[in-house]
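Taking it in order: structure first as structure tokens, then the write-up.
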Amino acid sequence: MTMASFHLRIVTPESLVYDGEAERIVVRTVQGDVAILPRHIDYLTALGEGEARVTYGGHVHKARCCGGMLHVSGGNVEVLSTTFEWIEE
Amino acid sequence: MAGASMKDIKLRIRSVESTRQITSAMQLVAGSKLRRARQRMEDTRPYMTAAREVLADIAAHRDVSSPFFTRRDEAAQCVVAIAGDRGLAGHYNAAVFSLADGPIAAGAQVLPIGKKAVDRYARRGATLLSADYLRAERITPADCRTMATRLIEGFLRGDYGRVTLIGTTFVSAMTQEAFTTELLPVTADQLGEAPHGQMLMEPAPGALLRAVMPDYLAGCLFAAVCDAVACEMASRRNAMDSATKNAEQMISDLSLSYNRARQSSITQEITEIVAGAEH
């Protein structure tokens, strides 16, 4: 069985960081960590500074994410962050 | 007589030649910087499109009333003026200044970006929010975040009720236009229609807006700076292109007069020799 997934786009003012399917994303918002799973309702929040964990292709990818917004609409998820840098394991 | 003028012409040709070398080198440098700057400019687009949608969503929310959306026409103004780091870029800097000088002379505070703008408004004794942003080319999103936070602080404190951006927009490699746009308060035409219905917002819209505003504004500033840098490079490349062409034209005109002078001196010599032989 394949994992349910949603379309995720991560953009910063400098570039499009990620554009593809993802199974889960965890980000630090101004009010604490939030995990987004497929079929989330339309949602908007502000991001704080902290670690983001994106699960795609069955693996968790970590990143440093600072400031910005998280936007879910029609099942599509967008992360607009001032800086978003993958942390190499 | 003719010999002296030949020497003069030769000197002029040499000096025009070295000017041509400089302008054509500057043209090549600007051309390669332009390619990079254009790429950087294109890369800001997805973020800005998405950020505008988010703001439109918040603005469309029923309960939102925020100073960021409230117009105060009588209020003092703050101008963000983006100009170049250097001259020799056609009318690039002059076009920005012609838009910015009016409001700044009328007492608006100013956040100048680019050495030319910083120097100009520091010299004119305008109130500068910061004089740190000398190199428009080197400005990062983090710098823009700092500027945005500062602009918002002053705006909420009531130092000014409007923040205007004056920059240059990249129409094409041949055309760049200086423009003025309102950054704060956020106007409906800046955002367009809200693309989505009502959505869940955490925290409540007002607080959410307060939290995302610096990021949105930083995005606007960064995009504007990237646009302006691309314009500066395009403008410099075009200016240097015509300077190089002018120099080439001058060299060819001067070579023509040099050859004429040379020919006439030879003719004169022959005439003198022939005249001498006949006697």
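Chain labels follow the order of the structure tokens: the first chain is A, the next B, and so on; residue numbering restarts at 1 in every chain, and ligands are counted from 1 in their shown order.
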
Residues of chain A that have any atom at most 6 Å from an atom of chain B: could you tabulate them with the shortest-distance atom pair and the distance in Å to one decimal, using only C-alpha atoms, ordered by chain and increasing number, as a tab-separated table?
residue	atom	partner	partner_atom	distance
A:Val11	CA	B:Tyr47	CA	5.6
A:Thr12	CA	B:Tyr47	CA	5.9
A:Pro13	CA	B:Thr44	CA	5.0
A:Glu14	CA	B:Thr44	CA	5.5
A:Ser15	CA	B:Asp43	CA	5.0
A:Asp42	CA	B:Met199	CA	5.0
A:Tyr43	CA	B:Leu200	CA	4.7
A:Leu44	CA	B:Met201	CA	4.9
A:Thr45	CA	B:Glu202	CA	5.1
A:Ala46	CA	B:Val212	CA	5.8
A:Gly68	CA	B:Asp215	CA	5.5

Export N, CA and C atoms of the chosen residues as an mmCIF file, in the first residue's frame?
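Once everything was written out, this is out.cif:
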data_model
loop_
_atom_site.group_PDB
_atom_site.id
_atom_site.type_symbol
_atom_site.label_atom_id
_atom_site.label_comp_id
_atom_site.auth_asym_id
_atom_site.auth_seq_id
_atom_site.Cartn_x
_atom_site.Cartn_y
_atom_site.Cartn_z
ATOM 1 N N VAL A 11 8.782 27.549 -0.893
ATOM 2 C CA VAL A 11 9.444 28.643 -1.610
ATOM 3 C C VAL A 11 10.066 29.634 -0.638
ATOM 4 N N THR A 12 11.199 30.179 -1.030
ATOM 5 C CA THR A 12 11.815 31.283 -0.306
ATOM 6 C C THR A 12 11.933 32.433 -1.305
ATOM 7 N N PRO A 13 12.198 33.652 -0.811
ATOM 8 C CA PRO A 13 12.327 34.762 -1.774
ATOM 9 C C PRO A 13 13.401 34.476 -2.825
ATOM 10 N N GLU A 14 14.370 33.633 -2.506
ATOM 11 C CA GLU A 14 15.461 33.395 -3.452
ATOM 12 C C GLU A 14 15.212 32.257 -4.425
ATOM 13 N N SER A 15 14.405 31.283 -4.007
ATOM 14 C CA SER A 15 14.233 30.154 -4.921
ATOM 15 C C SER A 15 13.049 29.265 -4.541
ATOM 16 N N ASP A 42 -8.400 23.716 4.956
ATOM 17 C CA ASP A 42 -7.733 24.969 4.585
ATOM 18 C C ASP A 42 -7.248 25.657 5.855
ATOM 19 N N TYR A 43 -6.000 26.068 5.833
ATOM 20 C CA TYR A 43 -5.362 26.480 7.069
ATOM 21 C C TYR A 43 -4.271 27.489 6.774
ATOM 22 N N LEU A 44 -4.101 28.437 7.693
ATOM 23 C CA LEU A 44 -3.059 29.454 7.503
ATOM 24 C C LEU A 44 -2.434 29.775 8.842
ATOM 25 N N THR A 45 -1.129 29.737 8.908
ATOM 26 C CA THR A 45 -0.466 30.106 10.156
ATOM 27 C C THR A 45 0.888 30.748 9.860
ATOM 28 N N ALA A 46 1.434 31.384 10.898
ATOM 29 C CA ALA A 46 2.736 32.045 10.744
ATOM 30 C C ALA A 46 3.817 31.140 11.309
ATOM 31 N N GLY A 68 8.056 33.219 8.129
ATOM 32 C CA GLY A 68 7.242 33.001 6.953
ATOM 33 C C GLY A 68 5.850 32.505 7.296
#

9 Å contact set for Arg39 of chain A, only C-alpha atoms, chain neighbours under 6 positions out, as a PyMOL selection string
chain A and resi 5-6+74-76

What's the 9 Å shell around Leu37 of chain A, counting only C-alpha atoms, without same-chain residues fewer than 5 positions away, as a compact mmCIF listing (two decimals) with C-alpha atoms, in the first residue's frame?
# COMPACT_ATOMS: atom_id res chain seq x y z
CA ALA A 4 -1.36 8.93 1.00
CA SER A 5 0.39 12.12 -0.06
CA PHE A 6 -0.27 15.77 -0.77
CA ALA A 22 5.05 14.69 0.40
CA GLU A 23 3.50 12.46 3.03
CA ARG A 24 3.92 14.67 6.05
CA ILE A 25 5.41 17.97 7.11
CA VAL A 26 6.16 19.19 10.61

Val163 of chain B surroundings by only C-alpha atoms, 10 Å radius, close-in-sequence under 4 positions cut, as number ranges by chain
B: 76-80, 108-111, 151-152, 154-155, 181-186

Could you turn the residues from that selection into a file that holds N, CA and C atoms, as an mmCIF file, in the first residue's frame?
data_model
loop_
_atom_site.group_PDB
_atom_site.id
_atom_site.type_symbol
_atom_site.label_atom_id
_atom_site.label_comp_id
_atom_site.auth_asym_id
_atom_site.auth_seq_id
_atom_site.Cartn_x
_atom_site.Cartn_y
_atom_site.Cartn_z
ATOM 1 N N ALA B 76 2.289 61.326 7.498
ATOM 2 C CA ALA B 76 3.649 61.488 6.962
ATOM 3 C C ALA B 76 4.044 60.253 6.165
ATOM 4 N N GLN B 77 5.050 60.415 5.336
ATOM 5 C CA GLN B 77 5.404 59.373 4.396
ATOM 6 C C GLN B 77 6.829 58.895 4.633
ATOM 7 N N CYS B 78 7.070 57.622 4.305
ATOM 8 C CA CYS B 78 8.429 57.112 4.323
ATOM 9 C C CYS B 78 8.680 56.524 2.936
ATOM 10 N N VAL B 79 9.798 56.884 2.355
ATOM 11 C CA VAL B 79 10.089 56.450 0.990
ATOM 12 C C VAL B 79 11.255 55.454 0.993
ATOM 13 N N VAL B 80 11.055 54.306 0.369
ATOM 14 C CA VAL B 80 12.156 53.379 0.146
ATOM 15 C C VAL B 80 12.631 53.622 -1.281
ATOM 16 N N ALA B 108 9.544 63.713 3.653
ATOM 17 C CA ALA B 108 9.368 62.281 3.898
ATOM 18 C C ALA B 108 10.672 61.684 4.438
ATOM 19 N N GLN B 109 10.541 60.706 5.320
ATOM 20 C CA GLN B 109 11.724 59.967 5.751
ATOM 21 C C GLN B 109 12.120 59.036 4.616
ATOM 22 N N VAL B 110 13.368 58.603 4.637
ATOM 23 C CA VAL B 110 13.790 57.806 3.498
ATOM 24 C C VAL B 110 14.665 56.629 3.938
ATOM 25 N N LEU B 111 14.423 55.497 3.292
ATOM 26 C CA LEU B 111 15.294 54.326 3.456
ATOM 27 C C LEU B 111 15.975 54.111 2.110
ATOM 28 N N LEU B 151 10.750 49.116 9.165
ATOM 29 C CA LEU B 151 9.689 49.905 8.535
ATOM 30 C C LEU B 151 8.380 49.718 9.268
ATOM 31 N N ILE B 152 8.112 48.458 9.672
ATOM 32 C CA ILE B 152 6.848 48.162 10.346
ATOM 33 C C ILE B 152 6.817 48.786 11.736
ATOM 34 N N GLY B 154 8.278 51.553 12.745
ATOM 35 C CA GLY B 154 8.017 52.980 12.573
ATOM 36 C C GLY B 154 6.582 53.238 12.171
ATOM 37 N N PHE B 155 6.049 52.356 11.342
ATOM 38 C CA PHE B 155 4.670 52.492 10.853
ATOM 39 C C PHE B 155 3.675 52.330 12.003
ATOM 40 N N THR B 181 5.245 52.742 -5.867
ATOM 41 C CA THR B 181 4.144 51.899 -5.423
ATOM 42 C C THR B 181 4.008 51.981 -3.909
ATOM 43 N N GLU B 182 2.775 51.779 -3.410
ATOM 44 C CA GLU B 182 2.528 51.808 -1.975
ATOM 45 C C GLU B 182 2.854 50.449 -1.383
ATOM 46 N N LEU B 183 3.679 50.425 -0.341
ATOM 47 C CA LEU B 183 3.927 49.164 0.368
ATOM 48 C C LEU B 183 2.967 49.042 1.542
ATOM 49 N N LEU B 184 2.894 50.111 2.326
ATOM 50 C CA LEU B 184 2.006 50.141 3.483
ATOM 51 C C LEU B 184 1.196 51.432 3.431
ATOM 52 N N PRO B 185 -0.066 51.433 3.810
ATOM 53 C CA PRO B 185 -0.853 50.245 4.106
ATOM 54 C C PRO B 185 -1.047 49.387 2.866
ATOM 55 N N VAL B 186 -1.345 48.125 3.101
ATOM 56 C CA VAL B 186 -1.544 47.192 2.000
ATOM 57 C C VAL B 186 -2.879 47.509 1.331
#

Test item, strand (DSSP E or B) assignment across segment 126-233 of chain B, answer as JSON, numbers by chain:
{"B": [128, 162, 163, 164, 165, 166, 167, 168, 169, 170, 176, 177, 178, 179, 180, 181, 182, 183, 184, 200, 201, 202]}

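Restricting the calculation to only C-alpha atoms, the smallest distance between Val27 of chain A and any of A:Leu8, A:Ala63, A:Gly57, A:Ser73 is found for A:Ala63.
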
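Across A:Cys65, A:Met3, A:Val17, A:Ala52, the tightest approach to Ala35 of chain A is made by A:Ala52 when counting only C-alpha atoms.
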
Tell me, as a list of chain:residue names, which residues lie within 9 Å of Ser172 of chain B, counting only C-alpha atoms; anything in the same chain fewer than 4 positions away does not count.
B:Gln176, B:Cys231, B:Ala234

Give me, please, the distance in Å between atom CA of Glu17 of chain B and atom CA of Glu248 of chain B, quoted to one decimal.
8.0 Å

Alpha helix (DSSP H) per DSSP on the backbone: members of segment 28-270 of chain B, as JSON, numbers by chain:
{"B": [28, 29, 30, 31, 32, 33, 34, 35, 36, 37, 38, 39, 40, 41, 42, 43, 44, 45, 46, 47, 48, 49, 50, 51, 52, 53, 54, 55, 56, 57, 58, 59, 60, 92, 93, 94, 95, 96, 97, 98, 99, 100, 101, 102, 103, 104, 105, 115, 116, 117, 118, 119, 120, 121, 122, 123, 141, 142, 143, 144, 145, 146, 147, 148, 149, 150, 151, 152, 153, 154, 155, 156, 157, 188, 189, 190, 191, 205, 206, 207, 208, 209, 210, 211, 212, 213, 214, 215, 216, 217, 218, 219, 220, 221, 222, 223, 224, 225, 226, 227, 228, 229, 230, 231, 232, 233, 234, 235, 236, 237, 238, 239, 240, 241, 242, 243, 244, 245, 246, 247, 248, 249, 250, 251, 252, 253, 254, 255, 256, 257, 258, 259, 260, 261, 262, 263, 264, 265, 266, 267, 268, 269, 270]}

Which is closest to Pro38 of chain A among A:Cys66, A:Val54, A:His7, A:Gly20, if we use only C-alpha atoms?
A:His7

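Residues with any atom within 7 Å of Ile251 of chain B, counting only C-alpha atoms and excluding same-chain neighbours fewer than 4 positions away, are Ile13, Val16, Ala247 and Ser255 of chain B.
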